[in-house]
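Asks: I am sharing start-v8.txt, which consists of compact mmCIF, C-alpha atoms and all ligand atoms:
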```txt
# COMPACT_ATOMS: atom_id res chain seq x y z
CA MET S 198 48.20 -146.43 151.92
CA LEU S 199 48.34 -148.20 148.57
CA THR S 200 46.60 -145.23 146.98
CA ASN S 201 49.77 -143.23 147.69
CA LEU S 202 51.73 -145.28 145.18
CA THR S 203 52.85 -143.47 142.07
CA PRO S 204 53.45 -145.19 138.73
CA GLN S 205 57.08 -146.17 138.18
CA PRO S 206 58.87 -145.72 134.87
CA ALA S 207 58.43 -148.77 132.66
CA ASP S 208 61.58 -150.67 131.68
CA LYS S 209 62.06 -149.94 127.97
CA ILE S 210 63.33 -153.43 127.17
CA LEU S 211 60.43 -155.20 128.85
CA GLN S 212 57.94 -152.72 127.40
CA LEU S 213 59.15 -153.52 123.90
CA MET S 214 58.84 -157.27 124.62
CA GLN S 215 55.17 -156.69 125.43
CA LYS S 216 54.59 -154.57 122.30
CA PHE S 217 56.13 -157.28 120.14
CA ARG S 218 53.87 -159.93 121.65
CA GLU S 219 50.80 -157.83 120.89
CA ASP S 220 51.77 -157.12 117.26
CA PRO S 221 49.57 -159.35 115.03
CA ARG S 222 51.93 -159.22 112.00
CA THR S 223 53.28 -162.68 111.23
CA ASP S 224 56.49 -161.44 109.57
CA LYS S 225 57.54 -159.26 112.54
CA ILE S 226 61.19 -159.51 113.63
CA ASP S 227 62.18 -159.35 117.32
CA LEU S 228 65.59 -157.78 117.91
CA GLY S 229 64.61 -156.55 121.38
CA VAL S 230 65.25 -158.32 124.66
CA GLY S 231 68.61 -160.05 125.13
CA ILE S 232 67.61 -163.66 124.76
CA TYR S 233 69.49 -166.04 122.47
CA LYS S 234 67.40 -167.47 119.67
CA ASP S 235 68.34 -170.13 117.13
CA ALA S 236 67.60 -169.86 113.40
CA SER S 237 63.98 -170.96 113.98
CA GLY S 238 63.47 -168.31 116.64
CA ASN S 239 63.50 -170.79 119.52
CA THR S 240 65.45 -170.45 122.76
CA PRO S 241 66.26 -174.10 123.39
CA VAL S 242 67.25 -175.65 126.70
CA MET S 243 70.92 -176.49 126.24
CA ARG S 244 71.77 -180.19 125.94
CA ALA S 245 73.99 -180.23 129.04
CA ILE S 246 71.28 -178.51 131.08
CA LYS S 247 68.72 -181.14 130.01
CA GLU S 248 71.10 -183.94 130.91
CA ALA S 249 71.99 -182.35 134.27
CA GLU S 250 68.29 -181.93 135.05
CA LYS S 251 67.71 -185.60 134.35
CA ARG S 252 70.58 -186.60 136.63
CA LEU S 253 69.50 -184.16 139.30
CA TRP S 254 66.02 -185.63 139.35
CA GLU S 255 67.57 -189.01 140.05
CA VAL S 256 70.05 -188.01 142.72
CA GLU S 257 68.37 -185.15 144.54
CA THR S 258 66.90 -186.40 147.81
CA THR S 259 65.98 -183.15 149.53
CA LYS S 260 64.97 -179.58 148.88
CA LYS S 261 66.02 -178.27 152.27
CA TYR S 262 67.81 -174.92 152.48
CA THR S 263 71.36 -174.67 151.25
CA ALA S 264 73.49 -171.85 152.71
CA LEU S 265 72.82 -168.11 152.63
CA ALA S 266 75.54 -167.68 150.03
CA GLY S 267 74.26 -170.71 148.13
CA ASP S 268 76.02 -174.05 147.78
CA PRO S 269 79.76 -173.40 148.23
CA ALA S 270 80.45 -175.78 145.32
CA TYR S 271 78.59 -173.38 143.02
CA GLY S 272 80.71 -170.49 144.30
CA ASP S 273 83.89 -172.46 143.65
CA ALA S 274 82.81 -173.53 140.17
CA MET S 275 81.84 -169.99 139.17
CA VAL S 276 84.94 -168.36 140.63
CA ASP S 277 86.91 -170.86 138.58
CA LEU S 278 84.90 -170.12 135.42
CA VAL S 279 85.18 -166.35 135.72
CA LEU S 280 88.53 -165.80 137.41
CA GLY S 281 90.45 -169.00 136.59
CA ASP S 282 93.63 -168.83 138.64
CA ALA S 283 94.06 -165.07 138.22
CA VAL S 284 93.77 -164.42 141.97
CA PRO S 285 94.30 -166.65 145.00
CA ARG S 286 90.98 -168.25 145.98
CA ASP S 287 91.44 -167.14 149.59
CA ARG S 288 90.93 -163.52 148.53
CA VAL S 289 87.62 -164.20 146.78
CA ALA S 290 84.24 -164.13 148.53
CA ALA S 291 81.21 -165.27 146.56
CA ALA S 292 77.46 -165.51 147.03
CA ALA S 293 74.80 -166.89 144.73
CA THR S 294 72.16 -164.37 143.69
CA PRO S 295 68.89 -164.44 141.76
CA GLY S 296 70.39 -163.89 138.30
CA GLY S 297 72.93 -161.30 137.21
CA THR S 298 70.46 -158.56 138.09
CA GLY S 299 70.37 -159.86 141.66
CA ALA S 300 74.17 -159.73 141.70
CA ILE S 301 74.13 -156.12 140.53
CA ARG S 302 71.57 -155.20 143.16
CA GLN S 303 73.52 -156.93 145.94
CA GLY S 304 76.73 -155.35 144.67
CA VAL S 305 75.25 -151.86 144.82
CA GLU S 306 74.00 -152.53 148.35
CA LEU S 307 77.44 -153.79 149.33
CA ILE S 308 79.01 -150.61 147.99
CA LYS S 309 76.48 -148.58 149.94
CA MET S 310 77.39 -150.39 153.17
CA ALA S 311 81.11 -149.91 152.56
CA ASN S 312 81.04 -146.32 151.29
CA PRO S 313 77.64 -144.61 151.14
CA ASP S 314 79.25 -141.47 149.69
CA ALA S 315 80.74 -143.26 146.70
CA THR S 316 79.69 -142.21 143.23
CA ILE S 317 79.13 -145.13 140.87
CA TRP S 318 80.38 -144.31 137.37
CA LEU S 319 78.52 -145.84 134.46
CA SER S 320 79.42 -146.08 130.81
CA ASN S 321 77.34 -143.85 128.57
CA PRO S 322 75.33 -145.74 127.48
CA THR S 323 74.84 -148.76 129.71
CA TRP S 324 72.19 -151.38 130.45
CA PRO S 325 69.21 -149.27 131.61
CA ASN S 326 68.70 -151.35 134.74
CA HIS S 327 72.13 -150.25 136.07
CA PRO S 328 71.12 -146.63 136.71
CA SER S 329 67.62 -147.71 137.70
CA ILE S 330 68.90 -149.99 140.49
CA ILE S 331 71.54 -147.50 141.65
CA LYS S 332 68.95 -144.75 141.89
CA TYR S 333 66.53 -147.03 143.71
CA VAL S 334 69.19 -148.05 146.24
CA GLY S 335 69.95 -144.36 146.72
CA MET S 336 73.53 -144.08 145.54
CA LYS S 337 75.08 -141.25 143.57
CA MET S 338 76.04 -141.93 139.97
CA ALA S 339 77.86 -140.28 137.11
CA GLU S 340 78.67 -141.21 133.54
CA TYR S 341 81.90 -141.71 131.68
CA ARG S 342 82.02 -141.41 127.90
CA TYR S 343 82.08 -144.75 126.14
CA PHE S 344 80.46 -144.93 122.72
CA ASP S 345 81.59 -142.94 119.70
CA ASP S 346 78.50 -142.24 117.59
CA ALA S 347 80.61 -141.51 114.54
CA THR S 348 82.66 -144.72 114.43
CA ARG S 349 80.26 -146.91 116.45
CA GLY S 350 83.37 -147.97 118.36
CA VAL S 351 84.63 -147.01 121.81
CA ASP S 352 85.42 -143.34 122.46
CA PHE S 353 88.53 -144.42 124.29
CA ASP S 354 90.07 -140.96 124.68
CA GLY S 355 86.80 -139.64 126.12
CA MET S 356 86.55 -142.61 128.43
CA MET S 357 90.09 -142.21 129.75
CA ALA S 358 89.64 -138.46 130.23
CA ASP S 359 86.50 -139.07 132.30
CA LEU S 360 88.01 -141.91 134.32
CA ALA S 361 90.92 -139.64 135.23
CA GLY S 362 88.43 -137.48 137.14
CA VAL S 363 87.08 -140.29 139.32
CA LYS S 364 87.76 -139.94 143.07
CA ALA S 365 89.41 -142.50 145.33
CA GLY S 366 86.71 -144.73 146.78
CA ASP S 367 84.37 -144.16 143.86
CA VAL S 368 83.25 -147.18 141.89
CA VAL S 369 83.54 -147.68 138.15
CA LEU S 370 81.07 -150.11 136.63
CA LEU S 371 82.59 -151.86 133.61
CA HIS S 372 81.15 -154.46 131.25
CA GLY S 373 83.54 -157.42 131.36
CA CYS S 374 82.83 -158.32 127.72
CA CYS S 375 80.10 -157.93 125.10
CA HIS S 376 79.11 -154.40 126.08
CA ASN S 377 75.36 -153.98 126.49
CA PRO S 378 73.87 -152.07 124.65
CA THR S 379 76.55 -151.08 122.13
CA GLY S 380 78.51 -154.24 121.25
CA ALA S 381 81.67 -152.08 121.16
CA ASN S 382 84.43 -153.40 123.42
CA LEU S 383 87.88 -152.47 124.69
CA ASN S 384 90.86 -154.44 123.48
CA MET S 385 93.33 -155.82 126.02
CA ALA S 386 95.79 -152.94 125.57
CA GLN S 387 92.97 -150.54 126.39
CA TRP S 388 91.96 -152.62 129.41
CA ALA S 389 95.55 -152.31 130.64
CA GLU S 390 95.21 -148.52 130.42
CA VAL S 391 91.94 -148.65 132.33
CA VAL S 392 93.70 -150.67 135.04
CA ASP S 393 96.47 -148.02 135.21
CA SER S 394 93.89 -145.29 135.52
CA LEU S 395 92.03 -147.09 138.33
CA GLN S 396 95.33 -147.68 140.07
CA LYS S 397 96.12 -143.97 139.91
CA THR S 398 92.73 -142.71 141.06
CA GLY S 399 92.08 -145.40 143.69
CA ALA S 400 88.61 -146.14 142.30
CA VAL S 401 87.14 -149.63 142.73
CA PRO S 402 86.09 -151.60 139.63
CA PHE S 403 82.67 -153.25 139.63
CA ILE S 404 82.53 -155.60 136.66
CA ASP S 405 79.29 -156.86 135.18
CA ILE S 406 79.96 -160.00 133.15
CA ALA S 407 76.69 -161.36 131.79
CA TYR S 408 77.78 -162.71 128.39
CA GLN S 409 80.94 -164.74 128.99
CA GLY S 410 81.33 -167.05 125.99
CA PHE S 411 79.26 -164.91 123.62
CA GLY S 412 82.08 -162.65 122.41
CA ASP S 413 85.50 -164.13 121.63
CA GLY S 414 85.15 -167.38 123.61
CA LEU S 415 84.88 -168.40 127.26
CA GLU S 416 88.53 -167.74 128.14
CA ASP S 417 89.05 -164.62 126.04
CA ASP S 418 85.86 -163.06 127.37
CA ALA S 419 87.15 -163.48 130.93
CA ALA S 420 90.58 -162.02 130.16
CA ALA S 421 89.63 -158.46 131.10
CA VAL S 422 88.01 -159.33 134.42
CA ARG S 423 91.04 -161.49 135.25
CA LEU S 424 93.45 -158.69 134.39
CA VAL S 425 91.55 -156.18 136.52
CA ALA S 426 91.11 -158.54 139.48
CA SER S 427 94.77 -159.57 139.49
CA SER S 428 96.09 -156.01 139.13
CA LEU S 429 94.02 -153.98 141.57
CA PRO S 430 93.64 -154.33 145.34
CA GLU S 431 89.86 -154.78 145.24
CA THR S 432 87.33 -155.79 142.59
CA ILE S 433 83.61 -156.50 142.72
CA ILE S 434 82.19 -158.84 140.08
CA ALA S 435 78.58 -159.61 139.13
CA ALA S 436 78.25 -162.63 136.84
CA SER S 437 75.22 -164.20 135.21
CA CYS S 438 74.51 -167.72 133.96
CA SER S 439 71.30 -166.65 132.22
CA LYS S 440 72.77 -166.37 128.75
CA ASN S 441 75.76 -168.70 128.58
CA PHE S 442 73.81 -171.57 130.20
CA GLY S 443 70.50 -170.46 128.68
CA ILE S 444 68.73 -170.65 132.07
CA TYR S 445 67.13 -167.20 132.08
CA ARG S 446 64.13 -167.99 134.24
CA GLU S 447 66.09 -170.02 136.79
CA ARG S 448 67.68 -166.79 138.06
CA THR S 449 71.26 -167.92 138.42
CA GLY S 450 73.92 -165.36 139.15
CA ILE S 451 76.75 -164.67 141.54
CA LEU S 452 78.35 -161.72 143.27
CA MET S 453 82.07 -161.99 143.97
CA THR S 454 84.46 -159.72 145.78
CA VAL S 455 88.21 -159.85 145.47
CA SER S 456 89.72 -158.43 148.65
CA GLN S 457 93.08 -156.83 149.07
CA GLU S 458 94.31 -159.67 151.25
CA ALA S 459 93.08 -163.04 152.46
CA GLY S 460 92.41 -161.59 155.92
CA ASN S 461 89.60 -159.42 154.50
CA LYS S 462 87.76 -162.32 152.93
CA PRO S 463 85.74 -163.57 155.95
CA LEU S 464 84.24 -160.10 156.48
CA ALA S 465 83.34 -159.79 152.80
CA GLN S 466 81.88 -163.32 152.78
CA SER S 467 79.76 -162.77 155.89
CA THR S 468 78.53 -159.42 154.52
CA LEU S 469 77.43 -161.07 151.27
CA ALA S 470 75.54 -163.69 153.30
CA PHE S 471 73.97 -160.96 155.46
CA LEU S 472 72.82 -159.05 152.38
CA ASN S 473 71.25 -162.17 150.91
CA ARG S 474 69.44 -162.79 154.21
CA GLN S 475 68.01 -159.27 154.22
CA ASN S 476 66.81 -159.32 150.66
CA PHE S 477 65.62 -162.83 149.92
CA SER S 478 67.29 -165.16 152.42
CA PHE S 479 68.47 -168.25 150.52
CA PRO S 480 69.22 -167.77 146.84
CA PRO S 481 67.54 -169.96 144.20
CA ASP S 482 69.32 -173.29 143.91
CA HIS S 483 68.03 -175.19 140.88
CA GLY S 484 69.96 -173.31 138.18
CA ALA S 485 73.05 -173.02 140.36
CA ARG S 486 73.04 -176.78 140.96
CA LEU S 487 72.79 -177.54 137.25
CA VAL S 488 75.64 -175.15 136.50
CA THR S 489 77.76 -176.78 139.21
CA MET S 490 77.03 -180.26 137.87
CA ILE S 491 78.02 -179.19 134.36
CA LEU S 492 81.20 -177.41 135.38
CA GLN S 493 82.32 -180.32 137.57
CA ASP S 494 81.68 -183.09 135.05
CA LYS S 495 84.11 -183.27 132.13
CA VAL S 496 81.64 -184.81 129.68
CA LEU S 497 78.84 -182.36 130.49
CA ARG S 498 81.25 -179.44 130.52
CA ASP S 499 82.72 -180.31 127.14
CA ASP S 500 79.27 -180.68 125.65
CA TRP S 501 78.15 -177.34 127.12
CA MET S 502 81.27 -175.61 125.82
CA GLU S 503 80.70 -177.05 122.36
CA GLU S 504 77.10 -175.90 122.23
CA LEU S 505 78.02 -172.47 123.58
CA GLU S 506 80.77 -172.14 121.01
CA ASN S 507 78.28 -172.95 118.23
CA VAL S 508 75.96 -170.27 119.57
CA ARG S 509 78.82 -167.77 119.53
CA LEU S 510 79.97 -168.70 116.04
CA GLY S 511 76.37 -168.55 114.80
CA MET S 512 76.04 -164.97 116.04
CA LEU S 513 79.37 -164.05 114.43
CA ALA S 514 78.19 -165.48 111.11
CA LEU S 515 75.00 -163.42 111.36
CA ARG S 516 77.09 -160.31 112.00
CA THR S 517 79.26 -160.99 108.96
CA GLN S 518 76.24 -161.67 106.76
CA LEU S 519 74.43 -158.52 107.88
CA ALA S 520 77.51 -156.32 107.42
CA GLY S 521 78.03 -157.85 103.95
CA GLU S 522 74.41 -157.35 102.92
CA LEU S 523 74.50 -153.73 104.06
CA GLN S 524 77.75 -153.14 102.23
CA ARG S 525 76.16 -154.49 99.06
CA LEU S 526 73.02 -152.38 99.41
CA SER S 527 74.69 -149.16 100.56
CA GLY S 528 77.79 -149.49 98.40
CA SER S 529 79.84 -148.36 101.42
CA ASP S 530 81.69 -149.78 104.40
CA ARG S 531 79.83 -147.71 106.90
CA PHE S 532 78.17 -150.74 108.49
CA GLY S 533 81.44 -152.63 108.88
CA PHE S 534 81.28 -152.03 112.65
CA LEU S 535 78.57 -154.70 112.86
CA ALA S 536 81.16 -157.36 112.11
CA GLN S 537 83.61 -155.83 114.59
CA HIS S 538 81.19 -155.69 117.50
CA ARG S 539 80.97 -158.68 119.82
CA GLY S 540 78.25 -160.33 121.85
CA MET S 541 74.54 -160.32 121.40
CA PHE S 542 74.07 -156.64 120.76
CA SER S 543 75.03 -153.89 118.36
CA ARG S 544 73.97 -150.30 118.49
CA LEU S 545 73.01 -149.47 114.93
CA GLY S 546 73.19 -145.72 115.38
CA ALA S 547 69.67 -144.90 114.16
CA THR S 548 67.59 -142.07 115.59
CA PRO S 549 64.57 -142.89 117.78
CA GLU S 550 62.35 -141.79 114.87
CA GLN S 551 64.07 -144.20 112.50
CA VAL S 552 63.75 -147.00 115.09
CA GLU S 553 60.04 -146.22 115.33
CA ARG S 554 59.69 -146.31 111.54
CA LEU S 555 61.40 -149.71 111.41
CA ARG S 556 58.81 -150.95 113.89
CA ALA S 557 55.75 -149.29 112.37
CA GLU S 558 56.53 -149.82 108.69
CA HIS S 559 58.53 -153.05 108.73
CA GLY S 560 57.57 -154.83 111.97
CA ILE S 561 61.22 -154.77 113.08
CA TYR S 562 61.61 -154.32 116.83
CA MET S 563 64.79 -152.93 118.36
CA ILE S 564 65.33 -150.89 121.54
CA GLY S 565 64.75 -147.13 121.09
CA ASP S 566 68.48 -146.38 121.26
CA SER S 567 68.80 -148.68 118.20
CA ARG S 568 70.24 -151.65 120.10
CA MET S 569 69.67 -154.81 118.08
CA ASN S 570 69.79 -158.35 119.39
CA ILE S 571 71.80 -160.03 116.64
CA ALA S 572 70.55 -163.46 117.75
CA GLY S 573 67.04 -162.39 116.73
CA LEU S 574 68.12 -162.64 113.08
CA ASN S 575 68.51 -165.56 110.72
CA GLU S 576 69.69 -166.00 107.13
CA ALA S 577 66.23 -165.21 105.80
CA THR S 578 65.53 -162.10 107.87
CA ILE S 579 68.95 -160.46 107.37
CA PRO S 580 68.14 -159.26 103.81
CA VAL S 581 64.78 -157.97 105.08
CA LEU S 582 66.45 -155.99 107.88
CA ALA S 583 69.22 -154.71 105.62
CA LYS S 584 66.72 -153.42 103.04
CA ALA S 585 64.58 -151.81 105.75
CA ILE S 586 67.68 -150.07 107.19
CA ILE S 587 68.57 -148.63 103.80
CA ASP S 588 64.94 -147.72 102.98
CA THR S 589 64.70 -145.86 106.27
CA GLY S 590 67.73 -143.77 105.37
CA ILE S 591 69.93 -145.00 108.24
C1 LIG S 601 68.73 -157.31 128.05
O1 LIG S 601 69.53 -156.39 128.19
O2 LIG S 601 67.89 -157.36 127.13
C2 LIG S 601 68.76 -158.46 129.00
O3 LIG S 601 69.77 -158.31 129.93
C3 LIG S 601 67.46 -158.76 129.60
C4 LIG S 601 67.04 -157.77 130.64
O4 LIG S 601 66.72 -158.21 131.75
O5 LIG S 601 67.01 -156.57 130.37
```
Produce structure tokens that represent the structure in this file.

Replies:
Amino acid sequence: MLTNLTPQPADKILQLMQKFREDPRTDKIDLGVGIYKDASGNTPVMRAIKEAEKRLWEVETTKKYTALAGDPAYGDAMVDLVLGDAVPRDRVAAAATPGGTGAIRQGVELIKMANPDATIWLSNPTWPNHPSIIKYVGMKMAEYRYFDDATRGVDFDGMMADLAGVKAGDVVLLHGCCHNPTGANLNMAQWAEVVDSLQKTGAVPFIDIAYQGFGDGLEDDAAAVRLVASSLPETIIAASCSKNFGIYRERTGILMTVSQEAGNKPLAQSTLAFLNRQNFSFPPDHGARLVTMILQDKVLRDDWMEELENVRLGMLALRTQLAGELQRLSGSDRFGFLAQHRGMFSRLGATPEQVERLRAEHGIYMIGDSRMNIAGLNEATIPVLAKAIIDTGI
């Protein structure tokens, strides 16, 4: 039987991670996978996480199962973090998942249970694992225009024209903030237009929010998801704690549904629990417990917010420095978009051949579509990257 298996396509992001590891050059620069790195290239455990782990070790007396949807306190804390008081809590169902990817997977399965004929619309481009999971689960998908190659901003007219053609009951997957892979985001006036469009077509928004706190701040980054959830009858939300709590390997995510009315919530909640049971039974608890402890404790929460804000401001400073260096070297403003983009990523707009040259000739690793992880830079490597970009004719 096992001989019948056929090789599956490799994930481009993970493939690049492997290539980088194997490269013997000592001055190589990793702008690949979306992991935050400080100026020394380390991905530290955040202070509040360390402290919560210490406290947890002291107070935890059992490792017995929690609930299928995870500890309800985690659900409450995360609903509060993502949605604030935008929608009444009795309309929101929530289940812990193994990371944001787990939330996406469970969300797609939920959509399949509710409407197997739905088409899931994805931004072009999007995180490559979105289409991969949707295809694997066996749902139809389509793309809406999103990125304008010329301006490196959002092709908003194209996006709105494509969203106007979405059918009632279809699902539109939107990045809540810090678009991955482009770094180009909608402003709030544009989000309001997206809401209008979804209202008109009767499509259901499915929001992936994996970088809350990395763009314009914890509250501002949640503004779009809150607007959508409070304006439309139904919203599905996949959130991740991997990046903003720096707990990548703990696999800490959550899937939320906002139902039309409170009466729908028990069905949504029991379906989320059922889906967890089918796929992995109880979700991982360690990361979720740390997040809950931090969000519930004022001192820990303040410290976490301060560290997260420093991470965000650090990435913004790197963006400004890189855009400035490129302006100096190119004598033009054509790289100004780097300072406008938000989050961990920017799509540079280089061809795959140019990306390959950056890797082969300069040891600079970015994803083939020219997505760069800004957090992979520091003050010393920015001039190196900027010179390589100009030398490569980008
Ligand atoms: C990324 O886009 O690099 C991250 O979300 C990591 C991943 O799992 O792909």

Asks: With distances taken over all atoms listed in the file, which of S:Ala577, S:Ala514, S:Val368, S:Met563 is nearest to ligand LIG 601 (chain S)?

Replies: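 Among S:Ala577, S:Ala514, S:Val368, S:Met563, it is S:Met563 that comes nearest to ligand LIG 601 (chain S).
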
Asks: Which of these residues is nearest to Lys209 (chain S), using all atoms listed in the file: S:Ser567, S:Ser527, S:Asn382, S:Ser427?

Replies: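 When distances to Lys209 (chain S) are compared using all atoms listed in the file, the smallest one comes from S:Ser567.
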
Asks: Find, counting all atoms listed in the file, the residue in S:Ile301, S:Ala485, S:Ala365, S:Met198 that gets nearest to Ala435 (chain S).

Replies: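 The shortest atom-to-atom distance to Ala435 (chain S) comes from S:Ile301.
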
Asks: Could you pull the residues within 9 Å of Gly533 (chain S), counting only C-alpha atoms, minus those fewer than 6 positions along the same chain, as an MDAnalysis selection string?

Replies: chainID S and resid 517 520:521 523:524

Asks: Measuring atom to atom with only C-alpha atoms and all ligand atoms, identify which of S:Lys440, S:Lys260, S:Lys462, S:Lys247 is nearest to ligand LIG 601 (chain S).

Replies: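 Using only C-alpha atoms and all ligand atoms, the shortest distance to ligand LIG 601 (chain S) belongs to S:Lys440.
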
Asks: If I take atom C2 of ligand LIG 601 (chain S) and CA of Asn377 (chain S), how far is one from the other in Å, to one decimal?

Replies: 8.4 Å

Asks: Give the residue list for ligand LIG 601 (chain S) at 6 Å, counting only C-alpha atoms and all ligand atoms, as a short mmCIF file (atom, residue, chain, number, x, y, z; two decimals) with C-alpha atoms, keeping the file's coordinate frame, sorted by chain and then by residue number.

Replies:
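Once written, pocket_9.cif looks like this:
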```cif
data_model
loop_
_atom_site.label_atom_id
_atom_site.label_comp_id
_atom_site.auth_asym_id
_atom_site.auth_seq_id
_atom_site.Cartn_x
_atom_site.Cartn_y
_atom_site.Cartn_z
CA ILE S 210 63.33 -153.43 127.17
CA VAL S 230 65.25 -158.32 124.66
CA GLY S 231 68.61 -160.05 125.13
#
```

Asks: From the options S:Lys225, S:Gln212, S:Thr200, S:Met490, which residue's atoms come nearest to Tyr562 (chain S), counting all atoms listed in the file?

Replies: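 Smallest distance to Tyr562 (chain S) is found for S:Lys225.
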
Asks: Kindly indicate which residue among S:Thr578, S:Thr294, S:Thr449, S:Thr468 lies nearest to Ile561 (chain S), using only C-alpha atoms for the distances.

Replies: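 Result for the nearest residue to Ile561 (chain S): S:Thr578.
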
Asks: Between region 430-540 of chain S and region 269-282 of chain S, at 8 Å or less, what are the per-residue closest atom pairs and their distances in Å? Count all atoms listed in the file, order by chain and rising residue number, and return it as JSON lines.

Replies:
```
{"residue": "S:Ala436", "atom": "CA", "partner": "S:Val279", "partner_atom": "CA", "distance": 7.9}
{"residue": "S:Ile451", "atom": "CA", "partner": "S:Gly272", "partner_atom": "CA", "distance": 7.6}
{"residue": "S:Met453", "atom": "CA", "partner": "S:Val276", "partner_atom": "CA", "distance": 7.7}
{"residue": "S:Ala485", "atom": "CA", "partner": "S:Tyr271", "partner_atom": "CA", "distance": 6.2}
{"residue": "S:Arg486", "atom": "CA", "partner": "S:Tyr271", "partner_atom": "CA", "distance": 6.8}
{"residue": "S:Val488", "atom": "CA", "partner": "S:Tyr271", "partner_atom": "CA", "distance": 7.4}
{"residue": "S:Thr489", "atom": "CA", "partner": "S:Tyr271", "partner_atom": "CA", "distance": 5.2}
{"residue": "S:Leu492", "atom": "CA", "partner": "S:Ala274", "partner_atom": "CA", "distance": 6.4}
{"residue": "S:Gln493", "atom": "CA", "partner": "S:Ala274", "partner_atom": "CA", "distance": 7.3}
```

Asks: Work out how far CA of Pro378 (chain S) is from CA of Thr323 (chain S), in Å to one decimal.

Replies: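 Interatomic distance here is 6.1 Å.
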
Asks: Which neighbours of Cys438 (chain S) fall inside 10 Å, counting all atoms listed in the file, when residues of the same chain fewer than 6 positions from it are skipped, and could you give them as a list in words?

Replies: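 The contact residues come out as Met275, Gly296, Gly297, Ile406, Ala407, Tyr408, Gln409, Ile444, Tyr445, Glu447, Arg448, Thr449, Gly450, Ile451, Gly484, Ala485 and Val488 of chain S.
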
Asks: How many Å separate CA of Arg222 (chain S) from CA of Val242 (chain S)?

Replies: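 According to the coordinates, CA of Arg222 (chain S) and CA of Val242 (chain S) are separated by 26.8 Å.
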
Asks: Might I get the box with edges along x, y and z of the file that holds all atoms of region 340-348 of chain S listed there, padded by 4 Å on every side, given as centre and edge lengths in Å to one decimal, as JSON?

Replies:
```
{"center_x": 80.6, "center_y": -143.1, "center_z": 124.0, "size_x": 12.2, "size_y": 11.7, "size_z": 27.1}
```

Asks: Neighbouring residues of Gly304 (chain S) were defined as those with any atom within 9 Å, considering only C-alpha atoms; residues of the same chain fewer than 3 positions away were excluded. Please report them as number ranges by chain.

Replies: S: 299-301, 307-309, 403, 433-435, 452-454, 469

Asks: With a distance cut-off of 8 Å and only C-alpha atoms, select the neighbouring residues of His376 (chain S), excluding the residue or stretch itself and same-chain residues fewer than 2 positions from it, and output the selection as a PyMOL selection string.

Replies: chain S and resi 323+372-374+378-382+539-540+542

Asks: Find the residues near Met385 (chain S): any atom within 10 Å, counting all atoms listed in the file, skip ones fewer than 6 places away on the same chain, and give them as an MDAnalysis selection string.

Replies: chainID S and resid 391 417 420:421 424
